[in-house]
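Student: Dropping the structure in here first, questions after.
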There are 2 protein chains.
Amino acid sequence: MILNYDANGLIPAVLQDNETGEVLMVAWMNAQSLNLTRETGEAHFWSRSRKQLWRKGDTSGNIMHVIKILVDCDADTLLLQVSPAGPACHTGKKTCFYGKLD
Amino acid sequence: MILNYDANGLIPAVLQDNETGEVLMVAWMNAQSLNLTRETGEAHFWSRSRKQLWRKGDTSGNIMHVIKILVDCDADTLLLQVSPAGPACHTGKKTCFYGKLD
């Protein structure tokens with residue numbers, strides 16, 4: 001499967017709780033972080049703000065254990081079904097999607 | 001709520017089935033498509049390939065009725081919880097995420 005990385009070599013990844021179906025966060029991967037994710041079974045990303053590789057949970061301990069990686073029909077987005085060791089959000093909430101528009 | 005659109009004026013939107021929790025697709029919105037989505041209650045996107053506004057289901061009839069719009073902690077991704085009138089994927093599958101990596 002050839003993935004369609006964007007012009008910056010990145011692909012968005014949606015993280016979904018494997019048990020509850022809750023959408024936890026969206027982050028970006030480059031080829032290296034995807035390789036590390038597949039090798040370790042733990043979600044790794046590319047931080048666009050810090051411009052560095054990022055193992056989710058490295059400081060918080062809230063590792064995202066990857067159960068399954070799915071890819072969409074045009075191969076430009078990933079869906080990671082995960083078993084989270086703790087909250088996905090840096091605010092301590094389980095999901096980053098806690099804000100309602102309006 | 002001020003949204004963090006990217007350098008192209010776009011923000012990614014994850015569509016999730018409001019009843020089953022299934023992640024259906026990811027597409028991109030600009031401010032105009034978001035406004036139309038909120039005004040009509042039907043998901044509208046910006047097609048990056050066709051460079052035009054796109055009402056999901058316009059040709060297929062598979063409108064995505066929006067139940068709730070959530071925004072993530074750094075306001076750069078939307079989560080639309082929807083009631084789909086039909087399959088989200090142009091292949092006729094319910095979700096675009098039917099491919100398994102490997």
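We name chains A, B, ... following the order of the structure tokens; residues begin at 1 in each chain, and ligands are numbered from 1 as shown.
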Can I get the residues of chain A within 12 Å of chain B, each with the closest pair of atoms and their distance in Å to one decimal, using only C-alpha atoms, sorted chain first then ascending number, as a tab-separated table?
Tutor:
```
residue	atom	partner	partner_atom	distance
A:Met1	CA	B:Asp102	CA	6.8
A:Ile2	CA	B:Leu101	CA	9.6
A:Leu3	CA	B:Leu101	CA	9.6
A:Asp6	CA	B:Arg48	CA	11.6
A:Ile11	CA	B:Val26	CA	11.6
A:Pro12	CA	B:Pro12	CA	9.0
A:Ala13	CA	B:Val26	CA	9.8
A:Val14	CA	B:Val14	CA	7.9
A:Leu15	CA	B:Val23	CA	9.9
A:Gln16	CA	B:Val23	CA	8.3
A:Asp17	CA	B:Gly21	CA	10.1
A:Asn18	CA	B:Glu22	CA	10.6
A:Glu19	CA	B:Gly21	CA	10.6
A:Thr20	CA	B:Gly21	CA	8.1
A:Gly21	CA	B:Gly21	CA	5.3
A:Glu22	CA	B:Gly21	CA	6.8
A:Val23	CA	B:Val23	CA	8.1
A:Leu24	CA	B:Asp72	CA	9.1
A:Met25	CA	B:Asp72	CA	7.4
A:Val26	CA	B:Thr77	CA	7.2
A:Ala27	CA	B:Thr77	CA	9.4
A:Trp28	CA	B:Thr77	CA	11.6
A:Leu34	CA	B:Leu101	CA	10.8
A:Asn35	CA	B:Leu101	CA	11.6
A:Arg38	CA	B:Leu101	CA	9.8
A:Arg48	CA	B:Asp6	CA	11.6
A:Ser49	CA	B:Asp74	CA	11.8
A:Ile67	CA	B:Lys100	CA	11.5
A:Lys68	CA	B:Lys100	CA	7.8
A:Ile69	CA	B:Leu101	CA	5.8
A:Leu70	CA	B:Lys100	CA	4.5
A:Val71	CA	B:Gly99	CA	5.1
A:Asp72	CA	B:Phe97	CA	4.1
A:Cys73	CA	B:Cys96	CA	5.2
A:Asp74	CA	B:Cys96	CA	8.3
A:Ala75	CA	B:Gly99	CA	8.7
A:Asp76	CA	B:Val26	CA	9.3
A:Thr77	CA	B:Val26	CA	7.2
A:Leu78	CA	B:Phe97	CA	7.9
A:Leu79	CA	B:Phe97	CA	7.1
A:Leu80	CA	B:Leu101	CA	10.2
A:Gln81	CA	B:Val23	CA	10.3
A:Ala88	CA	B:Cys73	CA	10.7
A:Cys89	CA	B:Cys73	CA	7.6
A:His90	CA	B:Cys73	CA	8.5
A:Thr91	CA	B:Cys73	CA	8.1
A:Gly92	CA	B:Cys73	CA	10.9
A:Lys93	CA	B:Cys73	CA	9.7
A:Lys94	CA	B:Cys73	CA	11.4
A:Thr95	CA	B:Asp72	CA	8.2
A:Cys96	CA	B:Asp72	CA	4.9
A:Phe97	CA	B:Asp72	CA	4.1
A:Tyr98	CA	B:Asp72	CA	6.4
A:Gly99	CA	B:Val71	CA	5.1
A:Lys100	CA	B:Leu70	CA	4.5
A:Leu101	CA	B:Leu70	CA	5.7
A:Asp102	CA	B:Met1	CA	6.8
```
Student: Nearest to Pro87 (chain A): which of A:Val66, A:Asn8, A:Gly61, A:Ala31 is it, counting only C-alpha atoms?
Tutor: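 Checking each of A:Val66, A:Asn8, A:Gly61, A:Ala31 against Pro87 (chain A), counting only C-alpha atoms, the winner is A:Gly61.
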Student: If you run DSSP on the backbone, which residues of chain B are helix (DSSP H, G or I), as a list in words?
Tutor: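 Everything in chain B that counts as helix (DSSP H, G or I) is Ala31, Gln32, Ser33, Leu34, Asn35, Leu36, Thr37, Arg38, Glu39 and Thr40 of chain B.
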Student: Those residues with C-alpha atoms, as a PDB file, in the first residue's frame please?
Tutor:
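Output contents, as saved in again.pdb:
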```
ATOM      1  CA  ALA B  31     -14.638  28.951   6.325  1.00  0.00           C
ATOM      2  CA  GLN B  32     -17.300  29.042   3.609  1.00  0.00           C
ATOM      3  CA  SER B  33     -17.959  25.297   3.695  1.00  0.00           C
ATOM      4  CA  LEU B  34     -18.132  25.378   7.474  1.00  0.00           C
ATOM      5  CA  ASN B  35     -20.634  28.223   7.357  1.00  0.00           C
ATOM      6  CA  LEU B  36     -22.752  26.326   4.826  1.00  0.00           C
ATOM      7  CA  THR B  37     -22.544  23.212   6.990  1.00  0.00           C
ATOM      8  CA  ARG B  38     -23.809  25.120  10.002  1.00  0.00           C
ATOM      9  CA  GLU B  39     -26.535  26.924   8.059  1.00  0.00           C
ATOM     10  CA  THR B  40     -27.900  23.838   6.324  1.00  0.00           C
TER      11      THR B  40
END
```
Student: Please, which residues of region 51-81 of chain A, numbered as in this document, come out strand (DSSP E) from DSSP, as a count of residues only?
Tutor: 16
Student: Would you mind reading off the distance between CA of Trp46 (chain B) and CA of Met29 (chain A), one decimal, in Å?
Tutor: 22.5 Å
Student: How far is it from CA of Phe45 (chain A) to CA of Lys51 (chain B), in Å with one decimal?
Tutor: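 Spanning CA of Phe45 (chain A) to CA of Lys51 (chain B) is a straight-line distance of 28.5 Å.
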Student: Out of B:Leu10, B:Asn4, B:Glu42, B:Ala85, which residue has the shortest atom-to-atom distance to Ser60 (chain B) when counting only C-alpha atoms?
Tutor: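 For Ser60 (chain B), the nearest of the candidates is B:Ala85.
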Student: Quote the spacing between CA of Gly57 (chain A) and CA of Ser83 (chain A) in Å to one decimal place.
Tutor: 12.6 Å
